[in-house]
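Trainee: If it helps, the file is called entry.cif and holds mmCIF, C-alpha atoms:
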```cif
data_model
#
loop_
_atom_site.label_atom_id
_atom_site.label_comp_id
_atom_site.auth_asym_id
_atom_site.auth_seq_id
_atom_site.Cartn_x
_atom_site.Cartn_y
_atom_site.Cartn_z
CA MET V 1 -30.53 -23.82 -40.07
CA ARG V 2 -26.88 -24.85 -40.34
CA ILE V 3 -25.71 -21.56 -38.89
CA ARG V 4 -28.13 -21.89 -35.99
CA ASN V 5 -26.95 -25.42 -35.26
CA LEU V 6 -23.31 -24.36 -35.44
CA ILE V 7 -23.95 -21.46 -33.05
CA ALA V 8 -25.78 -23.80 -30.68
CA VAL V 9 -22.84 -26.24 -30.67
CA VAL V 10 -20.31 -23.48 -30.04
CA ILE V 11 -22.40 -22.01 -27.21
CA ALA V 12 -22.81 -25.45 -25.63
CA CYS V 13 -19.03 -26.02 -25.78
CA LEU V 14 -18.40 -22.61 -24.24
CA PHE V 15 -20.92 -23.36 -21.49
CA ALA V 16 -19.13 -26.63 -20.75
CA LEU V 17 -15.86 -24.68 -20.56
CA GLN V 18 -17.47 -22.25 -18.13
CA CYS V 19 -18.69 -25.12 -15.93
CA ILE V 20 -15.22 -26.70 -15.87
CA SER V 21 -13.69 -23.32 -15.02
CA VAL V 22 -16.08 -22.71 -12.12
CA ILE V 23 -15.51 -26.19 -10.69
CA ASP V 24 -11.74 -25.74 -10.94
CA TYR V 25 -12.03 -22.30 -9.32
CA LEU V 26 -13.93 -23.71 -6.35
CA ARG V 27 -11.38 -26.50 -5.92
CA GLU V 28 -8.54 -24.01 -6.04
CA GLU V 29 -10.25 -21.75 -3.50
CA ASP V 30 -10.52 -24.73 -1.15
CA TYR V 31 -6.82 -25.51 -1.65
CA LEU V 32 -5.77 -21.90 -1.06
CA LEU V 33 -7.97 -21.57 2.01
CA GLY V 34 -6.39 -24.65 3.59
CA LEU V 35 -2.95 -23.28 2.74
CA MET V 36 -3.77 -19.87 4.17
CA ASP V 37 -5.18 -21.34 7.39
CA ARG V 38 -1.92 -23.25 7.93
CA ILE V 39 0.33 -20.28 7.18
CA ALA V 40 -1.55 -17.51 8.98
CA PRO V 41 -4.39 -18.10 11.48
CA ARG V 42 -7.36 -15.76 11.19
CA SER V 43 -6.77 -14.63 14.79
CA LEU V 44 -3.69 -12.67 13.69
CA PRO V 45 -3.99 -9.02 12.60
CA PRO V 46 -4.10 -8.54 8.81
CA SER V 47 -0.57 -7.11 8.73
CA GLU V 48 0.89 -10.15 10.47
CA GLN V 49 -1.04 -12.49 8.20
CA ALA V 50 0.37 -10.68 5.17
CA ILE V 51 3.90 -10.89 6.55
CA LYS V 52 3.58 -14.63 7.16
CA VAL V 53 2.27 -15.19 3.63
CA VAL V 54 5.14 -13.20 2.12
CA GLU V 55 7.67 -15.08 4.28
CA SER V 56 6.20 -18.42 3.17
CA LEU V 57 7.16 -17.63 -0.44
CA LYS V 58 10.87 -17.22 0.30
CA ALA V 59 11.70 -20.82 -0.63
CA ILE V 60 9.69 -20.71 -3.87
CA PRO V 61 11.98 -20.10 -6.88
CA VAL V 62 11.72 -16.93 -8.94
CA LYS V 63 10.88 -17.84 -12.53
CA GLU V 64 10.05 -15.80 -15.59
CA PHE V 65 7.35 -17.57 -17.60
CA SER V 66 6.23 -16.65 -21.11
CA ALA V 67 3.63 -17.98 -23.53
CA THR V 68 6.39 -19.11 -25.92
CA ARG V 69 8.03 -21.47 -23.43
CA GLN V 70 6.79 -25.06 -23.53
CA ASP V 71 7.23 -25.49 -19.77
CA SER V 72 5.16 -22.43 -18.90
CA PRO V 73 2.22 -23.47 -16.69
CA TYR V 74 -1.32 -22.45 -17.62
CA PHE V 75 -4.95 -23.13 -16.86
CA LEU V 76 -6.54 -26.05 -18.77
CA LEU V 77 -5.32 -25.24 -22.31
CA PRO V 78 -2.23 -23.58 -23.84
CA ILE V 79 -4.51 -20.96 -25.40
CA PHE V 80 -5.03 -19.57 -21.88
CA SER V 81 -1.31 -19.19 -21.14
CA PHE V 82 -1.66 -15.41 -21.43
CA LEU V 83 -3.65 -15.54 -18.17
CA ARG V 84 -0.46 -16.59 -16.35
CA PRO V 85 0.13 -19.57 -13.98
CA MET V 86 -2.45 -20.73 -11.47
CA PRO V 87 -1.77 -20.05 -7.76
CA ARG V 88 -1.17 -23.75 -7.10
CA GLN V 89 1.28 -23.86 -10.00
CA VAL V 90 3.12 -20.87 -8.53
CA MET V 91 3.39 -22.64 -5.17
CA GLU V 92 4.73 -25.78 -6.85
CA GLN V 93 6.86 -24.37 -9.68
CA GLY V 94 7.59 -20.78 -8.72
CA GLY V 95 6.79 -17.58 -10.57
CA ASP V 96 7.77 -13.97 -11.11
CA CYS V 97 6.80 -10.91 -9.08
CA ALA V 98 3.37 -10.62 -10.74
CA ASP V 99 2.58 -14.33 -10.21
CA ARG V 100 3.56 -14.07 -6.56
CA SER V 101 1.52 -10.93 -6.08
CA ARG V 102 -1.60 -12.56 -7.51
CA LEU V 103 -1.07 -15.55 -5.21
CA VAL V 104 -0.74 -13.34 -2.13
CA ILE V 105 -3.85 -11.36 -3.08
CA ARG V 106 -5.95 -14.50 -3.53
CA MET V 107 -4.80 -15.91 -0.19
CA LEU V 108 -5.38 -12.70 1.76
CA ARG V 109 -8.86 -12.24 0.32
CA LEU V 110 -9.86 -15.69 1.55
CA HIS V 111 -9.38 -14.33 5.08
CA GLY V 112 -11.37 -11.21 4.29
CA ILE V 113 -8.31 -8.97 3.79
CA GLU V 114 -8.69 -6.63 0.83
CA ALA V 115 -5.60 -6.49 -1.36
CA SER V 116 -4.70 -5.43 -4.90
CA LYS V 117 -1.74 -5.60 -7.26
CA TRP V 118 0.28 -2.55 -8.24
CA ALA V 119 2.72 -2.16 -11.13
CA LEU V 120 5.95 -0.25 -10.59
CA TYR V 121 7.10 1.83 -13.54
CA THR V 122 10.44 3.39 -14.39
CA LYS V 123 10.68 7.10 -15.15
CA GLU V 124 10.60 6.07 -18.84
CA MET V 125 7.13 4.64 -18.13
CA LYS V 126 8.11 1.00 -18.51
CA SER V 127 6.41 -1.54 -16.23
CA VAL V 128 9.13 -3.53 -14.44
CA HIS V 129 7.85 -4.90 -11.12
CA ALA V 130 4.69 -5.87 -9.22
CA VAL V 131 3.80 -5.55 -5.53
CA VAL V 132 0.73 -5.80 -3.29
CA GLU V 133 -1.10 -3.19 -1.27
CA LEU V 134 -3.49 -4.43 1.39
CA GLU V 135 -5.84 -3.09 4.02
CA ALA V 136 -4.10 -3.69 7.34
CA GLU V 137 -5.51 -2.97 10.79
CA THR V 138 -3.76 0.43 10.86
CA GLY V 139 -4.38 1.43 7.25
CA LYS V 140 -2.85 0.54 3.91
CA MET V 141 0.29 -1.58 3.81
CA VAL V 142 2.69 -2.48 0.98
CA ALA V 143 4.18 -5.96 0.59
CA ASP V 144 6.69 -7.13 -2.02
CA PRO V 145 6.37 -10.96 -2.33
CA ASP V 146 9.49 -11.17 -4.51
CA PHE V 147 12.06 -9.39 -2.31
CA GLY V 148 10.15 -10.03 0.93
CA LEU V 149 9.66 -6.36 1.72
CA TRP V 150 7.17 -4.44 3.82
CA PHE V 151 7.65 -0.99 5.28
CA PRO V 152 6.95 -0.49 9.00
CA ARG V 153 6.68 3.00 10.51
CA SER V 154 8.83 3.82 13.52
CA ASN V 155 5.73 4.92 15.45
CA GLY V 156 3.60 1.92 14.47
CA GLY V 157 1.71 0.96 11.33
CA TYR V 158 3.04 0.66 7.80
CA TYR V 159 3.76 2.82 4.79
CA SER V 160 1.39 2.78 1.80
CA ILE V 161 1.95 3.17 -1.94
CA ARG V 162 1.14 6.88 -1.59
CA ASP V 163 3.78 7.28 1.12
CA LEU V 164 6.41 5.51 -0.97
CA ARG V 165 5.48 7.62 -3.99
CA GLN V 166 6.01 10.83 -2.08
CA SER V 167 9.20 9.77 -0.29
CA PRO V 168 11.61 7.46 -2.19
CA LYS V 169 13.87 7.62 0.87
CA ILE V 170 11.56 5.14 2.67
CA LEU V 171 12.45 2.41 0.17
CA ARG V 172 16.17 3.20 0.21
CA ASP V 173 16.37 3.27 4.01
CA ARG V 174 14.45 0.01 4.38
CA ILE V 175 16.68 -1.85 1.92
CA GLN V 176 19.86 -0.41 3.40
CA SER V 177 18.76 -1.38 6.91
CA LEU V 178 17.98 -4.99 5.95
CA VAL V 179 21.19 -5.39 3.93
CA GLU V 180 23.30 -4.04 6.79
CA GLN V 181 21.65 -6.58 9.08
CA GLY V 182 22.58 -9.33 6.63
CA LYS V 183 18.95 -10.28 6.06
CA ARG V 184 17.41 -11.77 2.93
CA PRO V 185 13.66 -11.75 3.61
CA GLY V 186 12.56 -12.77 0.10
CA ALA V 187 13.43 -15.19 -2.69
CA SER V 188 15.34 -12.51 -4.62
CA ASP V 189 18.60 -11.13 -3.25
CA LEU V 190 17.90 -7.75 -1.67
CA ARG V 191 21.48 -6.63 -2.39
CA LYS V 192 20.61 -6.75 -6.11
CA TYR V 193 17.43 -4.68 -5.78
CA PRO V 194 17.42 -2.23 -8.74
CA ILE V 195 16.62 0.79 -6.61
CA ASP V 196 16.56 3.25 -9.52
CA ASP V 197 14.14 1.16 -11.60
CA TYR V 198 11.94 -0.51 -8.98
CA SER V 199 10.86 2.81 -7.55
CA TYR V 200 7.34 3.55 -6.29
CA GLU V 201 7.32 7.07 -7.71
CA TYR V 202 5.40 6.05 -10.84
CA ALA V 203 3.34 3.17 -9.38
CA LYS V 204 0.01 2.36 -11.04
CA THR V 205 -2.79 -0.04 -10.20
CA ILE V 206 -2.82 -1.48 -13.72
CA ASN V 207 -0.06 -2.68 -16.02
CA TRP V 208 -1.12 -0.65 -19.04
CA GLU V 209 1.76 -2.03 -21.11
CA LYS V 210 0.48 -5.60 -21.00
CA TRP V 211 -1.75 -5.22 -24.08
CA ALA V 212 -1.18 -3.15 -27.20
CA VAL V 213 -4.60 -1.50 -26.92
CA THR V 214 -4.36 -0.52 -23.25
CA TRP V 215 -1.45 1.92 -23.46
CA PRO V 216 -3.27 4.27 -25.90
CA LEU V 217 -6.31 3.95 -23.61
CA TYR V 218 -4.14 5.00 -20.66
CA LYS V 219 -2.99 8.07 -22.59
CA ILE V 220 -6.60 9.07 -23.25
CA LEU V 221 -7.65 8.51 -19.64
CA ARG V 222 -4.61 10.42 -18.41
CA VAL V 223 -5.77 13.46 -20.38
CA THR V 224 -9.37 13.22 -19.15
CA MET V 225 -8.78 12.02 -15.57
CA GLY V 226 -5.33 13.33 -14.74
CA THR V 227 -3.16 11.45 -12.25
CA SER V 228 -6.23 9.77 -10.70
CA VAL V 229 -6.11 7.23 -13.54
CA ASP V 230 -3.05 5.73 -11.82
CA ASP V 231 -5.23 4.87 -8.82
CA LEU V 232 -8.15 3.24 -10.67
CA GLN V 233 -9.48 0.30 -8.70
CA ARG V 234 -8.24 -2.97 -10.14
CA PRO V 235 -11.04 -5.53 -10.76
CA ALA V 236 -10.73 -8.56 -8.48
CA PHE V 237 -11.58 -11.12 -11.18
CA VAL V 238 -8.46 -10.31 -13.23
CA GLU V 239 -6.36 -12.16 -10.64
CA THR V 240 -8.30 -15.40 -11.27
CA PRO V 241 -7.69 -17.24 -14.59
CA GLN V 242 -10.82 -19.40 -14.24
CA LEU V 243 -13.11 -16.39 -13.83
CA MET V 244 -11.41 -14.67 -16.74
CA VAL V 245 -12.15 -17.73 -18.89
CA VAL V 246 -15.80 -17.63 -17.79
CA ILE V 247 -16.03 -13.96 -18.74
CA ILE V 248 -14.25 -14.41 -22.08
CA ALA V 249 -16.54 -17.33 -22.94
CA GLY V 250 -19.56 -15.23 -21.98
CA VAL V 251 -18.43 -12.40 -24.25
CA ILE V 252 -18.03 -14.83 -27.16
CA GLN V 253 -21.48 -16.30 -26.47
CA GLY V 254 -22.99 -12.83 -26.51
CA GLY V 255 -21.08 -12.01 -29.68
CA LEU V 256 -22.62 -15.04 -31.38
CA VAL V 257 -26.18 -14.77 -30.11
CA GLY V 258 -26.58 -11.00 -30.48
CA PRO V 259 -25.82 -10.72 -34.23
CA TYR V 260 -27.78 -13.93 -34.97
CA LEU V 261 -30.91 -12.61 -33.25
CA ALA V 262 -30.47 -9.29 -35.04
CA HIS V 263 -30.19 -11.16 -38.34
CA ILE V 264 -33.38 -13.11 -37.60
CA ARG V 265 -35.24 -9.92 -36.72
CA ILE V 266 -34.12 -8.19 -39.91
CA ALA V 267 -35.05 -11.24 -42.02
CA ARG V 268 -38.52 -11.38 -40.46
CA ARG V 269 -39.06 -7.68 -41.01
CA LYS V 270 -38.08 -7.98 -44.66
CA LYS V 271 -40.41 -10.94 -45.07
CA HIS V 272 -43.24 -9.03 -43.41
CA ASP V 273 -42.64 -5.99 -45.60
CA SER V 274 -42.62 -8.09 -48.75
CA VAL V 275 -45.93 -9.70 -47.78
#
```
Before anything else, please render the file you have as structure tokens.

Mentor:
Amino acid sequence: MRIRNLIAVVIACLFALQCISVIDYLREEDYLLGLMDRIAPRSLPPSEQAIKVVESLKAIPVKEFSATRQDSPYFLLPIFSFLRPMPRQVMEQGGDCADRSRLVIRMLRLHGIEASKWALYTKEMKSVHAVVELEAETGKMVADPDFGLWFPRSNGGYYSIRDLRQSPKILRDRIQSLVEQGKRPGASDLRKYPIDDYSYEYAKTINWEKWAVTWPLYKILRVTMGTSVDDLQRPAFVETPQLMVVIIAGVIQGGLVGPYLAHIRIARRKKHDSV
């Protein structure tokens, strides 16, 4: 009886956490939608909306947050700091390339523009940078919210991750052109762009280095799937801390209820057999 009551209390607390998370998510969506409407009207083509969003982040400071820093922003409780800052916190306090990319993705999706985050790896397979790839009116388009980069084609349209993978010269020429023009389109100084490290040659949809268990998983998938594992579709909910909390709480609830029900079933069967 005590175990059942304890499980019930824990599940109720987790449900309350889920409700708070959903309410906060809806409020944040409303905030981001208002922000997006002011920055980029829906009447603009997706590419121009993306450019305006990236340009709007130029004045936001670049900051590296970590779970060990006391001033690192987080959703609701310090225990959720591993989920990274909220979009509103990034707008108010700044953030790194990954934080900015998640913010851009959330804003674009509110206008019906599909977008996803990509991790740039060095040739030593170390994740070092994050960018966004979106569905523009002419096809896929890459945007770097940190350095303020996008890659227009001379004949119209934009270059994609695949294009930049196959031809590193596109990145070098774009940076050289902007530097020669004296432009600084992003928050970070384009003259200090680490061209040899922040290459698109080894780009992947997922940062497999983020968790200790995911890198071995990547190795296994690489053997079974080949290079297609680098293009696995990234789940949309991973960009939203509140939804991640809802999912984590749901997993814990299932982990509590499942074994308890199994225990009850086994106990009843034993009792029936003894009778």

Trainee: If we count all atoms listed in the file, what is near range 142-147 of chain V at a cut-off of 10 Å, once residues fewer than 3 positions away on the same chain are taken out, given as a PDB file with C-alpha atoms, keeping the file's coordinate frame?

Mentor:
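Saved file result_22.pdb follows:
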```
ATOM      1  CA  SER V  47      -0.570  -7.110   8.730  1.00  0.00           C
ATOM      2  CA  ALA V  50       0.370 -10.680   5.170  1.00  0.00           C
ATOM      3  CA  ILE V  51       3.900 -10.890   6.550  1.00  0.00           C
ATOM      4  CA  VAL V  53       2.270 -15.190   3.630  1.00  0.00           C
ATOM      5  CA  VAL V  54       5.140 -13.200   2.120  1.00  0.00           C
ATOM      6  CA  GLU V  55       7.670 -15.080   4.280  1.00  0.00           C
ATOM      7  CA  SER V  56       6.200 -18.420   3.170  1.00  0.00           C
ATOM      8  CA  LEU V  57       7.160 -17.630  -0.440  1.00  0.00           C
ATOM      9  CA  LYS V  58      10.870 -17.220   0.300  1.00  0.00           C
ATOM     10  CA  ILE V  60       9.690 -20.710  -3.870  1.00  0.00           C
ATOM     11  CA  PRO V  61      11.980 -20.100  -6.880  1.00  0.00           C
ATOM     12  CA  VAL V  62      11.720 -16.930  -8.940  1.00  0.00           C
ATOM     13  CA  GLY V  95       6.790 -17.580 -10.570  1.00  0.00           C
ATOM     14  CA  ASP V  96       7.770 -13.970 -11.110  1.00  0.00           C
ATOM     15  CA  CYS V  97       6.800 -10.910  -9.080  1.00  0.00           C
ATOM     16  CA  ALA V  98       3.370 -10.620 -10.740  1.00  0.00           C
ATOM     17  CA  ASP V  99       2.580 -14.330 -10.210  1.00  0.00           C
ATOM     18  CA  ARG V 100       3.560 -14.070  -6.560  1.00  0.00           C
ATOM     19  CA  SER V 101       1.520 -10.930  -6.080  1.00  0.00           C
ATOM     20  CA  ARG V 102      -1.600 -12.560  -7.510  1.00  0.00           C
ATOM     21  CA  LEU V 103      -1.070 -15.550  -5.210  1.00  0.00           C
ATOM     22  CA  VAL V 104      -0.740 -13.340  -2.130  1.00  0.00           C
ATOM     23  CA  ALA V 115      -5.600  -6.490  -1.360  1.00  0.00           C
ATOM     24  CA  SER V 116      -4.700  -5.430  -4.900  1.00  0.00           C
ATOM     25  CA  LYS V 117      -1.740  -5.600  -7.260  1.00  0.00           C
ATOM     26  CA  TRP V 118       0.280  -2.550  -8.240  1.00  0.00           C
ATOM     27  CA  HIS V 129       7.850  -4.900 -11.120  1.00  0.00           C
ATOM     28  CA  ALA V 130       4.690  -5.870  -9.220  1.00  0.00           C
ATOM     29  CA  VAL V 131       3.800  -5.550  -5.530  1.00  0.00           C
ATOM     30  CA  VAL V 132       0.730  -5.800  -3.290  1.00  0.00           C
ATOM     31  CA  GLU V 133      -1.100  -3.190  -1.270  1.00  0.00           C
ATOM     32  CA  LEU V 134      -3.490  -4.430   1.390  1.00  0.00           C
ATOM     33  CA  GLU V 135      -5.840  -3.090   4.020  1.00  0.00           C
ATOM     34  CA  ALA V 136      -4.100  -3.690   7.340  1.00  0.00           C
ATOM     35  CA  TRP V 150       7.170  -4.440   3.820  1.00  0.00           C
ATOM     36  CA  PHE V 151       7.650  -0.990   5.280  1.00  0.00           C
ATOM     37  CA  PRO V 152       6.950  -0.490   9.000  1.00  0.00           C
ATOM     38  CA  TYR V 158       3.040   0.660   7.800  1.00  0.00           C
ATOM     39  CA  TYR V 159       3.760   2.820   4.790  1.00  0.00           C
ATOM     40  CA  SER V 160       1.390   2.780   1.800  1.00  0.00           C
ATOM     41  CA  ILE V 161       1.950   3.170  -1.940  1.00  0.00           C
ATOM     42  CA  ARG V 162       1.140   6.880  -1.590  1.00  0.00           C
ATOM     43  CA  ASP V 163       3.780   7.280   1.120  1.00  0.00           C
ATOM     44  CA  LEU V 164       6.410   5.510  -0.970  1.00  0.00           C
ATOM     45  CA  ILE V 175      16.680  -1.850   1.920  1.00  0.00           C
ATOM     46  CA  ARG V 184      17.410 -11.770   2.930  1.00  0.00           C
ATOM     47  CA  PRO V 185      13.660 -11.750   3.610  1.00  0.00           C
ATOM     48  CA  GLY V 186      12.560 -12.770   0.100  1.00  0.00           C
ATOM     49  CA  ALA V 187      13.430 -15.190  -2.690  1.00  0.00           C
ATOM     50  CA  SER V 188      15.340 -12.510  -4.620  1.00  0.00           C
ATOM     51  CA  ASP V 189      18.600 -11.130  -3.250  1.00  0.00           C
ATOM     52  CA  LEU V 190      17.900  -7.750  -1.670  1.00  0.00           C
ATOM     53  CA  ARG V 191      21.480  -6.630  -2.390  1.00  0.00           C
ATOM     54  CA  LYS V 192      20.610  -6.750  -6.110  1.00  0.00           C
ATOM     55  CA  TYR V 193      17.430  -4.680  -5.780  1.00  0.00           C
TER      56      TYR V 193
END
```

Trainee: My list of candidates is V:Leu17, V:Leu83, V:Asn5, V:Pro41. Which is closest to Thr240 in chain V when distances are computed with all atoms listed in the file?

Mentor: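 Among the listed residues, V:Leu83 lies closest to Thr240 in chain V.
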
Trainee: CA of Ile206 in chain V and CA of Lys169 in chain V, how far apart in Å?

Mentor: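 Interatomic distance here is 24.0 Å.
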
Trainee: In Å to one decimal, how far is CA of Ser81 in chain V from CA of Leu14 in chain V?

Mentor: 17.7 Å

Trainee: To one decimal place, how far is CA of Pro46 in chain V from CA of Leu108 in chain V in Å?

Mentor: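 Taking CA of Pro46 in chain V as the start and CA of Leu108 in chain V as the end point, the length is 8.3 Å.
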
Trainee: Please write as a list in words the full residue list that the PyMOL selection byres ((chain V and resi 35-40) around 9) yields on this file.

Mentor: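 That selection, the PyMOL selection byres ((chain V and resi 35-40) around 9), comes back as Asp30, Tyr31, Leu32, Leu33, Gly34, Pro41, Arg42, Ser43, Leu44, Glu48, Gln49, Ala50, Ile51, Lys52, Val53, Ser56, Met107, Leu108, Leu110 and His111 of chain V.
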
Trainee: Return the single residue from V:Ser72, V:Gln242, V:Gln253, V:Thr138 that is closest to Ile20 in chain V, with distances computed using all atoms listed in the file.

Mentor: V:Gln242

Trainee: Here's the selection I'm unsure about, the PyMOL selection byres ((chain V and resi 6-9) around 12); applied to the file above, which residues does it give, as JSON, numbers by chain?

Mentor: {"V": [1, 2, 3, 4, 5, 10, 11, 12, 13, 14, 15, 16, 252, 253, 254, 255, 256, 257, 258, 259, 260, 261]}

Trainee: Suppose we keep C-alpha atoms; can you now write the selection as a short mmCIF file (atom, residue, chain, number, x, y, z; two decimals), in the frame of the given file?

Mentor:
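Below is the file that was written, out-v4.cif:
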```
data_model
loop_
_atom_site.label_atom_id
_atom_site.label_comp_id
_atom_site.auth_asym_id
_atom_site.auth_seq_id
_atom_site.Cartn_x
_atom_site.Cartn_y
_atom_site.Cartn_z
CA MET V 1 -30.53 -23.82 -40.07
CA ARG V 2 -26.88 -24.85 -40.34
CA ILE V 3 -25.71 -21.56 -38.89
CA ARG V 4 -28.13 -21.89 -35.99
CA ASN V 5 -26.95 -25.42 -35.26
CA VAL V 10 -20.31 -23.48 -30.04
CA ILE V 11 -22.40 -22.01 -27.21
CA ALA V 12 -22.81 -25.45 -25.63
CA CYS V 13 -19.03 -26.02 -25.78
CA LEU V 14 -18.40 -22.61 -24.24
CA PHE V 15 -20.92 -23.36 -21.49
CA ALA V 16 -19.13 -26.63 -20.75
CA ILE V 252 -18.03 -14.83 -27.16
CA GLN V 253 -21.48 -16.30 -26.47
CA GLY V 254 -22.99 -12.83 -26.51
CA GLY V 255 -21.08 -12.01 -29.68
CA LEU V 256 -22.62 -15.04 -31.38
CA VAL V 257 -26.18 -14.77 -30.11
CA GLY V 258 -26.58 -11.00 -30.48
CA PRO V 259 -25.82 -10.72 -34.23
CA TYR V 260 -27.78 -13.93 -34.97
CA LEU V 261 -30.91 -12.61 -33.25
#
```
